[in-house]
$ cat query_33.cif   # mmCIF, C-alpha atoms and all ligand atoms
data_final
#
loop_
_atom_site.label_atom_id
_atom_site.label_comp_id
_atom_site.auth_asym_id
_atom_site.auth_seq_id
_atom_site.Cartn_x
_atom_site.Cartn_y
_atom_site.Cartn_z
CA MET P 140 42.30 50.42 138.90
CA THR P 141 40.95 49.10 142.18
CA ILE P 142 43.49 49.25 144.94
CA ARG P 143 43.02 46.47 147.46
CA HIS P 144 46.15 46.62 149.57
CA HIS P 145 47.05 49.86 151.34
CA PRO P 146 49.78 50.98 153.75
CA THR P 147 48.91 50.48 157.42
CA ASP P 148 47.45 53.43 159.30
CA GLU P 149 50.62 53.47 161.33
CA SER P 150 52.76 53.99 158.24
CA LEU P 151 50.44 56.72 156.95
CA MET P 152 50.60 58.41 160.33
CA ARG P 153 54.39 58.20 160.40
CA LEU P 154 54.58 59.62 156.88
CA ALA P 155 52.38 62.53 157.97
CA ALA P 156 54.45 62.98 161.13
CA GLY P 157 57.71 62.95 159.17
CA SER P 158 59.12 59.95 161.02
CA LEU P 159 59.01 57.35 158.27
CA PRO P 160 62.56 56.90 156.89
CA ALA P 161 63.19 58.25 153.39
CA GLY P 162 63.13 54.88 151.55
CA PRO P 163 59.80 53.61 152.92
CA ALA P 164 58.42 57.18 152.70
CA MET P 165 59.13 57.18 148.96
CA VAL P 166 57.44 53.78 148.51
CA VAL P 167 54.36 55.05 150.38
CA ALA P 168 54.43 58.33 148.40
CA THR P 169 54.34 56.25 145.20
CA HIS P 170 51.24 54.53 146.54
CA LEU P 171 49.61 57.86 147.49
CA ALA P 172 50.09 59.15 143.96
CA GLY P 173 47.50 56.59 142.83
CA CYS P 174 45.32 56.30 145.94
CA PRO P 175 42.95 59.16 146.89
CA GLN P 176 41.72 57.22 149.91
CA CYS P 177 45.19 57.08 151.47
CA ARG P 178 45.83 60.72 150.55
CA GLU P 179 42.76 61.64 152.58
CA ARG P 180 44.03 59.52 155.49
CA VAL P 181 47.38 61.29 155.39
CA ALA P 182 45.49 64.61 155.37
CA GLU P 183 43.67 63.46 158.51
CA PHE P 184 46.95 62.62 160.21
CA GLU P 185 48.32 66.01 159.19
CA ALA P 186 45.25 67.57 160.79
CA LEU P 187 46.09 65.52 163.89
CA GLY P 188 49.59 67.05 163.72
CA GLY P 189 48.00 70.50 163.62
CA ILE P 190 45.89 69.67 166.67
CA LEU P 191 48.92 68.34 168.58
CA LEU P 192 50.86 71.48 167.62
CA GLU P 193 47.97 73.65 168.81
CA GLU P 194 47.79 71.85 172.16
CA SER P 195 51.57 71.96 172.81
CA ALA P 196 52.36 73.93 175.96
CA PRO P 197 54.23 77.03 174.66
CA VAL P 198 57.97 77.24 175.38
CA PRO P 199 59.21 80.86 175.65
CA MET P 200 61.52 81.94 172.84
CA ALA P 201 64.77 83.82 173.45
CA PRO P 202 63.92 87.48 174.29
CA ASP P 203 65.29 88.84 171.01
CA ALA P 204 63.90 86.05 168.79
CA PHE P 205 61.07 88.08 167.27
CA ALA P 206 63.33 91.07 166.62
CA ALA P 207 65.76 88.71 164.88
CA ALA P 208 62.91 87.38 162.70
CA LEU P 209 62.00 90.95 161.69
CA ARG P 210 65.64 91.71 160.86
CA ALA P 211 65.76 88.62 158.64
CA ILE P 212 62.60 89.76 156.86
CA ASP P 213 64.02 93.28 156.42
CA ALA P 214 67.22 91.89 154.96
CA GLU P 215 65.27 89.74 152.49
CA GLU P 216 63.06 92.61 151.44
CA THR P 217 66.05 94.90 150.96
CA ARG P 218 67.65 92.30 148.71
CA ALA P 219 64.37 91.84 146.82
CA ALA P 220 64.00 95.62 146.39
CA ALA P 221 67.54 95.78 145.04
CA GLY P 222 66.40 93.35 142.35
CA LYS P 223 68.46 90.47 143.58
CA THR P 224 66.79 87.14 144.08
CA ALA P 225 66.94 85.85 147.60
CA ARG P 226 68.30 82.53 146.47
CA PRO P 227 70.14 81.40 143.38
CA ALA P 228 67.96 79.67 140.81
CA ALA P 229 67.78 75.93 141.30
CA LYS P 230 70.35 74.07 139.32
CA PRO P 231 68.99 71.39 137.03
CA ARG P 232 69.45 68.02 138.61
CA ALA P 233 72.20 65.85 137.27
CA GLY P 234 71.58 62.25 136.27
CA ARG P 235 67.96 62.51 135.21
CA ALA P 236 65.98 59.34 135.65
CA PRO P 237 64.82 57.65 132.46
CA ALA P 238 61.22 58.53 131.76
CA THR P 239 60.03 54.96 131.56
CA LEU P 240 60.28 51.54 133.13
CA PRO P 241 60.94 48.46 130.98
CA GLY P 242 58.08 48.02 128.53
CA GLY P 243 57.60 51.75 128.13
CA ILE P 244 55.64 52.15 131.36
CA PRO P 245 56.02 55.68 132.71
CA LEU P 246 57.95 56.09 135.93
CA PRO P 247 55.67 56.99 138.85
CA GLU P 248 55.62 60.76 139.42
CA PRO P 249 57.25 60.71 142.90
CA LEU P 250 60.32 58.99 141.42
CA ARG P 251 60.91 61.63 138.75
CA ASP P 252 63.95 63.19 140.45
CA CYS P 253 65.54 59.92 141.48
CA GLU P 254 68.53 58.42 139.80
CA ILE P 255 67.66 54.95 138.51
CA GLY P 256 70.64 52.63 138.39
CA PRO P 257 71.27 50.01 135.71
CA TRP P 258 69.33 46.74 135.89
CA ARG P 259 71.56 44.06 137.30
CA TRP P 260 71.08 40.33 137.32
CA ILE P 261 70.87 39.11 140.89
CA GLY P 262 69.50 35.62 140.43
CA ILE P 263 67.55 33.51 137.96
CA GLY P 264 64.67 35.64 136.71
CA VAL P 265 65.44 38.48 139.12
CA ARG P 266 66.99 41.84 138.33
CA ALA P 267 67.37 44.84 140.56
CA SER P 268 68.15 48.50 140.13
CA ALA P 269 69.30 50.81 142.90
CA VAL P 270 67.25 54.00 143.15
CA LYS P 271 69.02 57.02 144.53
CA MET P 272 66.95 59.80 146.05
CA PRO P 273 68.52 63.21 145.44
CA ASP P 274 67.76 64.45 148.96
CA ASP P 275 68.87 61.35 150.76
CA PRO P 276 71.54 59.47 148.83
CA GLU P 277 71.96 57.00 151.66
CA ALA P 278 68.36 55.83 151.61
CA ARG P 279 67.99 52.32 150.31
CA LEU P 280 65.39 52.03 147.63
CA THR P 281 65.30 49.29 145.01
CA LEU P 282 63.37 48.52 141.85
CA LEU P 283 62.89 44.80 141.43
CA ARG P 284 62.02 43.07 138.18
CA VAL P 285 61.02 39.48 138.72
CA GLY P 286 60.04 36.98 136.03
CA PRO P 287 56.75 35.06 135.90
CA GLY P 288 56.52 32.25 138.44
CA ARG P 289 59.64 33.43 140.29
CA LYS P 290 59.92 34.16 143.98
CA LEU P 291 60.64 37.66 145.18
CA PRO P 292 64.08 37.80 146.83
CA GLU P 293 63.93 36.85 150.48
CA HIS P 294 65.18 39.06 153.20
CA GLY P 295 66.00 38.09 156.73
CA HIS P 296 63.42 38.19 159.45
CA PHE P 297 64.28 41.65 160.54
CA GLY P 298 62.49 44.94 159.84
CA THR P 299 59.53 45.74 157.61
CA GLU P 300 59.70 45.69 153.85
CA PHE P 301 57.52 48.16 151.95
CA THR P 302 56.70 47.05 148.42
CA GLN P 303 54.61 48.95 145.88
CA ILE P 304 53.58 47.02 142.77
CA LEU P 305 54.13 49.00 139.57
CA VAL P 306 53.67 46.37 136.86
CA GLY P 307 52.37 42.78 136.90
CA SER P 308 51.31 40.96 140.03
CA PHE P 309 52.37 38.52 142.71
CA THR P 310 50.60 36.36 145.22
CA ASP P 311 51.40 35.32 148.75
CA GLU P 312 49.37 33.64 151.47
CA PHE P 313 47.54 36.92 152.17
CA GLY P 314 46.31 37.56 148.67
CA ARG P 315 47.11 38.82 145.23
CA TYR P 316 48.90 42.13 144.74
CA MET P 317 48.21 44.16 141.63
CA PRO P 318 49.57 47.47 140.27
CA GLY P 319 48.79 50.25 142.75
CA ASP P 320 48.83 47.90 145.74
CA LEU P 321 51.28 48.27 148.57
CA THR P 322 52.30 45.56 150.97
CA GLU P 323 54.17 45.84 154.23
CA MET P 324 55.82 42.55 154.94
CA ASN P 325 56.76 42.27 158.52
CA HIS P 326 59.58 40.22 159.91
CA ASP P 327 57.26 38.41 162.29
CA ILE P 328 55.16 37.02 159.46
CA GLU P 329 56.38 34.19 157.25
CA HIS P 330 55.73 35.04 153.65
CA GLN P 331 56.90 34.03 150.23
CA PRO P 332 55.48 36.13 147.43
CA ILE P 333 55.59 34.49 144.00
CA VAL P 334 55.08 36.40 140.77
CA ASP P 335 51.95 35.31 138.92
CA PRO P 336 52.55 33.18 135.82
CA ASP P 337 51.09 35.66 133.32
CA GLY P 338 53.99 38.11 133.19
CA GLU P 339 56.90 39.76 134.92
CA CYS P 340 56.43 41.96 137.97
CA ILE P 341 58.14 45.28 138.62
CA CYS P 342 57.95 46.73 142.09
CA LEU P 343 59.56 49.37 144.23
CA ALA P 344 60.86 48.14 147.57
CA ALA P 345 62.47 49.61 150.66
CA LEU P 346 63.31 48.06 153.97
CA GLU P 347 62.96 49.74 157.29
CA GLY P 348 65.26 48.56 160.01
CA GLY P 349 68.49 46.66 159.77
CA MET P 350 69.08 44.58 156.70
CA ARG P 351 70.10 40.99 157.00
CA MET P 352 69.67 39.10 153.80
CA THR P 353 69.58 35.35 153.85
CA GLY P 354 70.04 32.69 151.22
CA PRO P 355 71.82 32.98 147.88
CA PHE P 356 69.40 35.68 146.64
CA GLY P 357 69.96 37.65 149.78
CA ARG P 358 73.71 37.61 149.51
CA LEU P 359 73.48 38.64 145.89
CA ILE P 360 70.97 41.41 146.34
CA GLN P 361 72.49 42.86 149.49
CA PRO P 362 75.17 44.99 147.82
CA PHE P 363 72.58 46.49 145.46
CA VAL P 364 70.09 47.26 148.18
CA ARG P 365 72.85 48.92 150.12
CA LEU P 366 73.93 51.07 147.17
CA MET O 307 45.26 99.62 162.59
CA THR O 308 43.90 96.10 162.36
CA HIS O 309 42.63 94.25 165.32
CA VAL O 310 44.39 90.89 165.25
CA MET O 311 43.85 89.43 168.70
CA GLN O 312 40.64 89.17 170.59
CA GLU O 313 40.66 90.10 174.22
CA GLY O 314 41.63 87.17 176.42
CA GLY O 315 42.41 83.66 175.26
CA PRO O 316 44.43 82.55 172.28
CA PRO O 317 43.11 83.30 168.77
CA ASP O 318 40.93 80.59 167.22
CA GLY O 319 41.56 78.74 163.97
CA ALA O 320 39.62 81.19 161.81
CA GLN O 321 41.49 84.17 163.29
CA LEU O 322 44.85 82.45 162.74
CA ALA O 323 43.93 81.67 159.13
CA ARG O 324 42.96 85.34 158.56
CA MET O 325 46.34 86.44 159.91
CA ILE O 326 48.15 84.28 157.35
CA VAL O 327 45.95 85.65 154.58
CA ARG O 328 46.76 89.21 155.72
CA ILE O 329 50.46 88.42 155.56
CA ALA O 330 49.97 87.09 152.03
CA VAL O 331 47.89 90.00 150.80
CA GLU O 332 49.18 93.01 152.73
CA ARG O 333 52.55 91.85 154.10
CA ASP O 334 50.96 92.81 157.41
CA ARG O 335 53.66 92.77 160.09
CA GLN O 336 51.20 93.17 162.90
CA ALA O 337 49.46 89.98 161.79
CA PHE O 338 52.88 88.33 161.62
CA ALA O 339 53.66 89.47 165.16
CA ALA O 340 50.42 87.96 166.47
CA LEU O 341 50.99 84.75 164.53
CA TYR O 342 54.57 84.57 165.77
CA SER O 343 53.63 85.01 169.40
CA HIS O 344 51.06 82.25 169.07
CA PHE O 345 52.99 79.71 167.02
CA ALA O 346 56.75 80.15 167.57
CA PRO O 347 56.60 78.94 171.22
CA ARG O 348 54.31 76.05 170.25
CA VAL O 349 56.42 74.95 167.28
CA THR O 350 59.46 75.02 169.58
CA ALA O 351 57.65 72.85 172.12
CA PHE O 352 56.43 70.50 169.39
CA LEU O 353 59.94 70.08 167.91
CA ARG O 354 61.40 69.41 171.34
CA LYS O 355 58.81 66.71 171.93
CA SER O 356 59.82 65.15 168.63
CA GLY O 357 63.35 64.76 169.99
CA LEU O 358 65.29 67.85 168.87
CA PRO O 359 67.60 69.55 171.39
CA PRO O 360 66.20 72.87 172.73
CA ASN O 361 68.51 75.23 170.81
CA MET O 362 67.89 73.38 167.55
CA ALA O 363 64.13 73.31 168.19
CA GLU O 364 64.12 77.11 168.59
CA GLU O 365 66.32 77.65 165.54
CA ILE O 366 64.01 75.54 163.35
CA ALA O 367 60.90 77.20 164.86
CA GLN O 368 62.40 80.55 163.82
CA ASP O 369 62.91 79.16 160.33
CA VAL O 370 59.31 77.88 160.32
CA MET O 371 57.99 81.37 161.09
CA LEU O 372 60.15 82.95 158.35
CA THR O 373 58.83 80.32 155.94
CA VAL O 374 55.28 81.28 156.97
CA TRP O 375 56.11 84.89 156.05
CA ARG O 376 57.66 83.92 152.69
CA LYS O 377 55.11 81.33 151.63
CA ALA O 378 51.95 82.89 153.06
CA GLU O 379 50.39 83.19 149.62
CA GLN O 380 50.60 79.40 149.23
CA PHE O 381 48.32 78.94 152.23
CA ASP O 382 44.89 77.70 151.13
CA PRO O 383 42.37 77.63 154.00
CA ALA O 384 40.22 75.16 152.03
CA ARG O 385 43.02 72.58 152.05
CA ALA O 386 44.36 72.92 155.59
CA GLY O 387 43.80 75.00 158.68
CA ALA O 388 46.50 77.37 159.97
CA SER O 389 47.83 74.90 162.57
CA THR O 390 47.91 72.03 160.11
CA TRP O 391 49.69 74.12 157.49
CA ILE O 392 52.29 75.32 159.98
CA PHE O 393 52.68 71.78 161.30
CA THR O 394 53.57 70.56 157.78
CA ILE O 395 56.16 73.35 157.40
CA ALA O 396 57.72 72.36 160.74
CA ARG O 397 57.70 68.70 159.77
CA ASN O 398 59.41 69.37 156.43
CA LEU O 399 62.08 71.62 157.93
CA ARG O 400 62.74 69.02 160.61
CA ILE O 401 63.19 66.36 157.91
CA ASP O 402 65.52 68.68 155.99
CA HIS O 403 67.48 69.31 159.14
CA LEU O 404 67.87 65.62 159.94
CA ARG O 405 68.90 64.86 156.37
CA ARG O 406 71.30 67.74 156.29
CA VAL O 407 72.98 66.33 159.34
CA ARG O 408 73.27 62.95 157.70
CA VAL O 409 74.71 64.19 154.43
CA ALA O 410 76.69 67.11 155.86
CA THR O 411 79.85 65.91 154.15
CA SER O 412 78.40 66.11 150.65
CA ALA O 413 79.33 69.48 149.24
CA GLU O 414 76.34 70.07 147.06
CA GLN O 415 73.29 71.67 148.55
CA VAL O 416 70.15 70.05 147.21
CA GLU O 417 66.76 71.66 146.90
CA PRO O 418 64.45 70.42 149.61
CA GLU O 419 61.84 68.18 148.09
CA GLU O 420 58.47 67.86 149.67
CA ILE O 421 56.93 64.47 149.31
CA GLU O 422 53.56 65.08 147.76
CA THR O 423 51.04 64.32 150.46
CA ALA O 424 48.57 67.10 149.81
CA PRO O 425 45.10 65.97 148.95
CA SER O 426 43.82 67.07 145.59
CA GLY O 427 40.40 67.16 144.05
CA GLU O 428 38.37 64.02 144.42
CA ALA O 429 38.37 62.97 148.08
CA LEU O 430 38.78 66.47 149.41
CA MET O 431 36.84 67.11 152.57
CA LEU O 432 36.71 70.70 153.58
CA ALA O 433 39.71 71.32 155.84
CA SER O 434 37.71 72.67 158.76
CA GLU O 435 35.34 69.72 158.59
CA ARG O 436 38.25 67.29 158.56
CA GLU O 437 39.88 69.00 161.49
CA SER O 438 36.79 69.01 163.65
CA THR O 439 36.23 65.32 162.81
CA VAL O 440 39.78 64.44 163.86
CA ARG O 441 39.48 66.58 167.00
CA ALA O 442 36.24 64.85 167.98
CA ALA O 443 37.75 61.41 167.34
CA LEU O 444 40.80 62.24 169.45
CA ALA O 445 38.53 63.42 172.28
CA ALA O 446 36.49 60.22 172.09
CA LEU O 447 39.52 57.94 172.56
CA SER O 448 40.20 56.59 176.03
CA ASP O 449 42.93 58.49 177.92
CA GLU O 450 45.30 55.59 177.44
CA GLN O 451 44.63 55.31 173.72
CA ALA O 452 45.01 59.06 173.23
CA MET O 453 48.36 58.90 175.05
CA VAL O 454 49.55 55.96 172.92
CA LEU O 455 48.55 57.90 169.81
CA ARG O 456 50.36 61.09 170.90
CA LEU O 457 53.50 59.17 171.81
CA SER O 458 53.56 57.27 168.54
CA PHE O 459 52.99 60.48 166.58
CA PHE O 460 56.03 62.13 168.11
CA GLY O 461 58.48 59.24 168.25
CA ASP O 462 61.00 58.41 165.58
CA LYS O 463 61.16 54.88 166.89
CA PRO O 464 57.60 54.79 168.10
CA HIS O 465 57.30 51.32 169.57
CA SER O 466 60.51 51.16 171.51
CA GLU O 467 60.08 54.70 172.88
CA ILE O 468 56.52 54.06 173.98
CA ALA O 469 57.60 50.77 175.53
CA ARG O 470 60.16 52.67 177.59
CA GLU O 471 57.78 55.47 178.58
CA LEU O 472 55.00 53.15 179.62
CA GLY O 473 57.24 50.41 180.99
CA LEU O 474 55.57 47.79 178.80
CA PRO O 475 56.94 44.97 176.67
CA LEU O 476 57.48 45.83 173.00
CA GLY O 477 54.86 43.35 171.76
CA THR O 478 52.20 44.85 174.02
CA VAL O 479 53.00 48.33 172.74
CA LYS O 480 52.75 47.22 169.12
CA SER O 481 49.28 45.83 169.67
CA ARG O 482 48.20 48.92 171.65
CA VAL O 483 49.31 51.25 168.86
CA ARG O 484 47.42 49.10 166.39
CA LEU O 485 44.31 49.12 168.60
CA ALA O 486 44.47 52.90 169.16
CA LEU O 487 44.78 53.54 165.42
CA GLY O 488 41.98 51.07 164.71
CA ARG O 489 39.73 52.87 167.18
CA LEU O 490 40.65 56.25 165.69
CA ARG O 491 39.85 54.92 162.22
CA ALA O 492 36.46 53.59 163.38
CA LEU O 493 35.67 56.96 164.99
CA LEU O 494 36.72 58.91 161.89
CA GLU O 495 34.61 56.74 159.65
CA GLY O 496 31.63 56.85 161.98
CA GLU O 497 31.76 60.64 162.01
CA THR O 498 31.77 61.23 158.28
ZN ZN P 501 45.81 53.39 149.51
#
$ encode --input "query_33.cif" --output "structure tokens" --more "lines below"
Ligand SMILES: [Zn+2]
Amino acid sequence: MTIRHHPTDESLMRLAAGSLPAGPAMVVATHLAGCPQCRERVAEFEALGGILLEESAPVPMAPDAFAAALRAIDAEETRAAAGKTARPAAKPRAGRAPATLPGGIPLPEPLRDCEIGPWRWIGIGVRASAVKMPDDPEARLTLLRVGPGRKLPEHGHFGTEFTQILVGSFTDEFGRYMPGDLTEMNHDIEHQPIVDPDGECICLAALEGGMRMTGPFGRLIQPFVRL
Amino acid sequence: MTHVMQEGGPPDGAQLARMIVRIAVERDRQAFAALYSHFAPRVTAFLRKSGLPPNMAEEIAQDVMLTVWRKAEQFDPARAGASTWIFTIARNLRIDHLRRVRVATSAEQVEPEEIETAPSGEALMLASERESTVRAALAALSDEQAMVLRLSFFGDKPHSEIARELGLPLGTVKSRVRLALGRLRALLEGET
């Protein structure tokens, strides 16, 4: 699989810095799972984070901070010596995601703990499923399933939409997007992606910034994206 | 008694990495003390720069150092240097903190999930090589581009915050961030 469309360096930097919101971060993480080149770029930005940490002018801690850290360590080791685990075992997550996408395609690894909502009809040839991230239930993340020759739902000209192609392909004025590709559609660029005629397209999408959907698709999809 | 700090000057990357390894292998509290005195004040400063209030920055820095103690055996010097590893711990705890604030009403405590960003296998450059490449690239940027890069690394709303700090229109800032990252990319690729 040759990946031709990657996240911008800015998005990779923000992922490494921890400032990309949860929804877009998950879309980019799904891309990274299949893209060694972008994983290396994120590693470079993490190294940049290490350098910026190293060059930060030290701020004195409270006078008893180190003593408090040692007390915390002592308390943990006492508990460990007494044979008690420091933390309760992790509870199994409720609402396991189904293992596959329509057509038996396995769910990308980063989505394994997410709760995948039911597919809902939101327009002719377009279905959507709300994806809930266990650590950030408010994050808006959507799986879209769009039929051959159909347009992807429009959103208003506001914010940046991150879309990772999982199955099938679509084309817009900037090129053709295949499985493994990620596109960042910015509000200041006019675009209208259309699914290629040879099959349906399934993609994972998240919007950064305020959401203002336009048109009949927009009004229909809005409640799902907000879920 | 182990000698953890060289006379004068802060410990270098190799010394810091050895301290973490000593914590992992020997539960060496003296190594932890040296690591703490180097990193806790820097992590606090770093978290403040990223927008956390001072008391919260110190509380999370404390948590970062305890995590270093607990997870020292997970540190792999071939994957990341000491500063980079500790940076990623600070970043993840900051994310957890911000999420916890947002979902504070939900009763159930969820396990923190780390988004998998670690490099594996194929494209793995040796960590020290990667770090010196990034350091050299950062040093080769113009002062203005290095500043734009630092500001955009720390900001949660990078463009608008940089626009305010530099007193520039938003559109100008967007193109400067793009240019600075493009220059960094060119330098990184020229170096390898
Ligand atoms: Zn990529």
$ residues_around --input "query_33.cif" --residues "stretch 484-497 of chain O" --least-positions-apart "5" --cutoff "10 Å" --atoms "all atoms listed in the file" --output "list of chain:residue names"
P:Thr147, P:Asp148, P:Glu149, P:Met152, P:Arg180, P:Glu183, O:Arg436, O:Ser438, O:Thr439, O:Val440, O:Arg441, O:Ala442, O:Ala443, O:Leu444, O:Ala445, O:Ala446, O:Leu447, O:Ser448, O:Glu450, O:Gln451, O:Ala452, O:Met453, O:Val454, O:Leu455, O:Thr478, O:Val479
$ write_last_selection --input "query_33.cif" --atoms "C-alpha atoms" --output "PDB file, keeping the file's coordinate frame"
ATOM      1  CA  THR P 147      48.910  50.480 157.420  1.00  0.00           C
ATOM      2  CA  ASP P 148      47.450  53.430 159.300  1.00  0.00           C
ATOM      3  CA  GLU P 149      50.620  53.470 161.330  1.00  0.00           C
ATOM      4  CA  MET P 152      50.600  58.410 160.330  1.00  0.00           C
ATOM      5  CA  ARG P 180      44.030  59.520 155.490  1.00  0.00           C
ATOM      6  CA  GLU P 183      43.670  63.460 158.510  1.00  0.00           C
TER       7      GLU P 183
ATOM      8  CA  ARG O 436      38.250  67.290 158.560  1.00  0.00           C
ATOM      9  CA  SER O 438      36.790  69.010 163.650  1.00  0.00           C
ATOM     10  CA  THR O 439      36.230  65.320 162.810  1.00  0.00           C
ATOM     11  CA  VAL O 440      39.780  64.440 163.860  1.00  0.00           C
ATOM     12  CA  ARG O 441      39.480  66.580 167.000  1.00  0.00           C
ATOM     13  CA  ALA O 442      36.240  64.850 167.980  1.00  0.00           C
ATOM     14  CA  ALA O 443      37.750  61.410 167.340  1.00  0.00           C
ATOM     15  CA  LEU O 444      40.800  62.240 169.450  1.00  0.00           C
ATOM     16  CA  ALA O 445      38.530  63.420 172.280  1.00  0.00           C
ATOM     17  CA  ALA O 446      36.490  60.220 172.090  1.00  0.00           C
ATOM     18  CA  LEU O 447      39.520  57.940 172.560  1.00  0.00           C
ATOM     19  CA  SER O 448      40.200  56.590 176.030  1.00  0.00           C
ATOM     20  CA  GLU O 450      45.300  55.590 177.440  1.00  0.00           C
ATOM     21  CA  GLN O 451      44.630  55.310 173.720  1.00  0.00           C
ATOM     22  CA  ALA O 452      45.010  59.060 173.230  1.00  0.00           C
ATOM     23  CA  MET O 453      48.360  58.900 175.050  1.00  0.00           C
ATOM     24  CA  VAL O 454      49.550  55.960 172.920  1.00  0.00           C
ATOM     25  CA  LEU O 455      48.550  57.900 169.810  1.00  0.00           C
ATOM     26  CA  THR O 478      52.200  44.850 174.020  1.00  0.00           C
ATOM     27  CA  VAL O 479      53.000  48.330 172.740  1.00  0.00           C
TER      28      VAL O 479
END
$ closest_residue --input "query_33.cif" --among "O:Leu372, O:Ala363, O:Leu404, O:Val331" --to "chain P" --atoms "all atoms listed in the file"
O:Leu372
$ closest_residue --input "query_33.cif" --among "O:Leu358, O:Ala320, O:Leu457, O:Ile392" --to "chain P" --atoms "only C-alpha atoms"
O:Ile392
$ interface_residues --input "query_33.cif" --of "chain O" --to "chain P" --cutoff "6 Å" --atoms "all atoms listed in the file" --output "mmCIF file with C-alpha atoms, keeping the file's coordinate frame"
data_model
loop_
_atom_site.group_PDB
_atom_site.id
_atom_site.type_symbol
_atom_site.label_atom_id
_atom_site.label_comp_id
_atom_site.auth_asym_id
_atom_site.auth_seq_id
_atom_site.Cartn_x
_atom_site.Cartn_y
_atom_site.Cartn_z
ATOM 1 C CA PRO O 347 56.600 78.940 171.220
ATOM 2 C CA ARG O 348 54.310 76.050 170.250
ATOM 3 C CA ALA O 351 57.650 72.850 172.120
ATOM 4 C CA PHE O 352 56.430 70.500 169.390
ATOM 5 C CA SER O 389 47.830 74.900 162.570
ATOM 6 C CA THR O 390 47.910 72.030 160.110
ATOM 7 C CA PHE O 393 52.680 71.780 161.300
ATOM 8 C CA ARG O 397 57.700 68.700 159.770
ATOM 9 C CA PRO O 425 45.100 65.970 148.950
ATOM 10 C CA GLU O 437 39.880 69.000 161.490
ATOM 11 C CA ASP O 462 61.000 58.410 165.580
#
$ closest_residue --input "query_33.cif" --among "P:Glu312, P:Glu347, P:Asp320, P:Asp203" --to "ligand ZN 501 (chain P)" --atoms "only C-alpha atoms and all ligand atoms"
P:Asp320
$ residues_around --input "query_33.cif" --residues "P:Pro163" --least-positions-apart "5" --cutoff "8 Å" --atoms "all atoms listed in the file" --output "list in words"
Leu280, Glu300, Phe301, Ala344, Ala345, Leu346 and Glu347 of chain P
$ atom_distance --input "query_33.cif" --atom1 "atom CA of O:Leu472" --atom2 "atom CA of O:Gly357"
17.2 Å
$ residues_near_point --input "query_33.cif" --point "(47.1, 44.0, 146.3)" --cutoff "8 Å" --atoms "only C-alpha atoms" --output "list of chain:residue names"
P:Ile142, P:Arg143, P:His144, P:His145, P:Ile304, P:Gly314, P:Arg315, P:Tyr316, P:Met317, P:Pro318, P:Gly319, P:Asp320, P:Leu321, P:Thr322
$ write_last_selection --input "query_33.cif" --atoms "C-alpha atoms" --output "CSV table (one decimal), in the coordinates of the input"
chain,number,residue,atom,x,y,z
P,142,ILE,CA,43.5,49.2,144.9
P,143,ARG,CA,43.0,46.5,147.5
P,144,HIS,CA,46.2,46.6,149.6
P,145,HIS,CA,47.0,49.9,151.3
P,304,ILE,CA,53.6,47.0,142.8
P,314,GLY,CA,46.3,37.6,148.7
P,315,ARG,CA,47.1,38.8,145.2
P,316,TYR,CA,48.9,42.1,144.7
P,317,MET,CA,48.2,44.2,141.6
P,318,PRO,CA,49.6,47.5,140.3
P,319,GLY,CA,48.8,50.2,142.8
P,320,ASP,CA,48.8,47.9,145.7
P,321,LEU,CA,51.3,48.3,148.6
P,322,THR,CA,52.3,45.6,151.0
$ build_atoms --input "query_33.cif" --residues "stretch 475-484 of chain O" --atoms "N, CA and C atoms" --output "mmCIF file, in the coordinates of the input"
data_model
loop_
_atom_site.group_PDB
_atom_site.id
_atom_site.type_symbol
_atom_site.label_atom_id
_atom_site.label_comp_id
_atom_site.auth_asym_id
_atom_site.auth_seq_id
_atom_site.Cartn_x
_atom_site.Cartn_y
_atom_site.Cartn_z
ATOM 1 N N PRO O 475 56.186 45.726 177.682
ATOM 2 C CA PRO O 475 56.940 44.970 176.670
ATOM 3 C C PRO O 475 56.627 45.474 175.262
ATOM 4 N N LEU O 476 57.599 45.328 174.374
ATOM 5 C CA LEU O 476 57.480 45.830 173.000
ATOM 6 C C LEU O 476 56.233 45.280 172.288
ATOM 7 N N GLY O 477 56.000 43.973 172.449
ATOM 8 C CA GLY O 477 54.860 43.350 171.760
ATOM 9 C C GLY O 477 53.532 43.952 172.195
ATOM 10 N N THR O 478 53.422 44.234 173.481
ATOM 11 C CA THR O 478 52.200 44.850 174.020
ATOM 12 C C THR O 478 51.994 46.225 173.404
ATOM 13 N N VAL O 479 53.093 46.980 173.301
ATOM 14 C CA VAL O 479 53.000 48.330 172.740
ATOM 15 C C VAL O 479 52.553 48.274 171.287
ATOM 16 N N LYS O 480 53.143 47.342 170.526
ATOM 17 C CA LYS O 480 52.750 47.220 169.120
ATOM 18 C C LYS O 480 51.249 46.989 168.994
ATOM 19 N N SER O 481 50.704 46.096 169.821
ATOM 20 C CA SER O 481 49.280 45.830 169.670
ATOM 21 C C SER O 481 48.449 47.005 170.176
ATOM 22 N N ARG O 482 48.963 47.759 171.173
ATOM 23 C CA ARG O 482 48.200 48.920 171.650
ATOM 24 C C ARG O 482 48.169 50.044 170.621
ATOM 25 N N VAL O 483 49.293 50.240 169.918
ATOM 26 C CA VAL O 483 49.310 51.250 168.860
ATOM 27 C C VAL O 483 48.306 50.862 167.779
ATOM 28 N N ARG O 484 48.332 49.580 167.418
ATOM 29 C CA ARG O 484 47.420 49.100 166.390
ATOM 30 C C ARG O 484 45.958 49.288 166.826
#
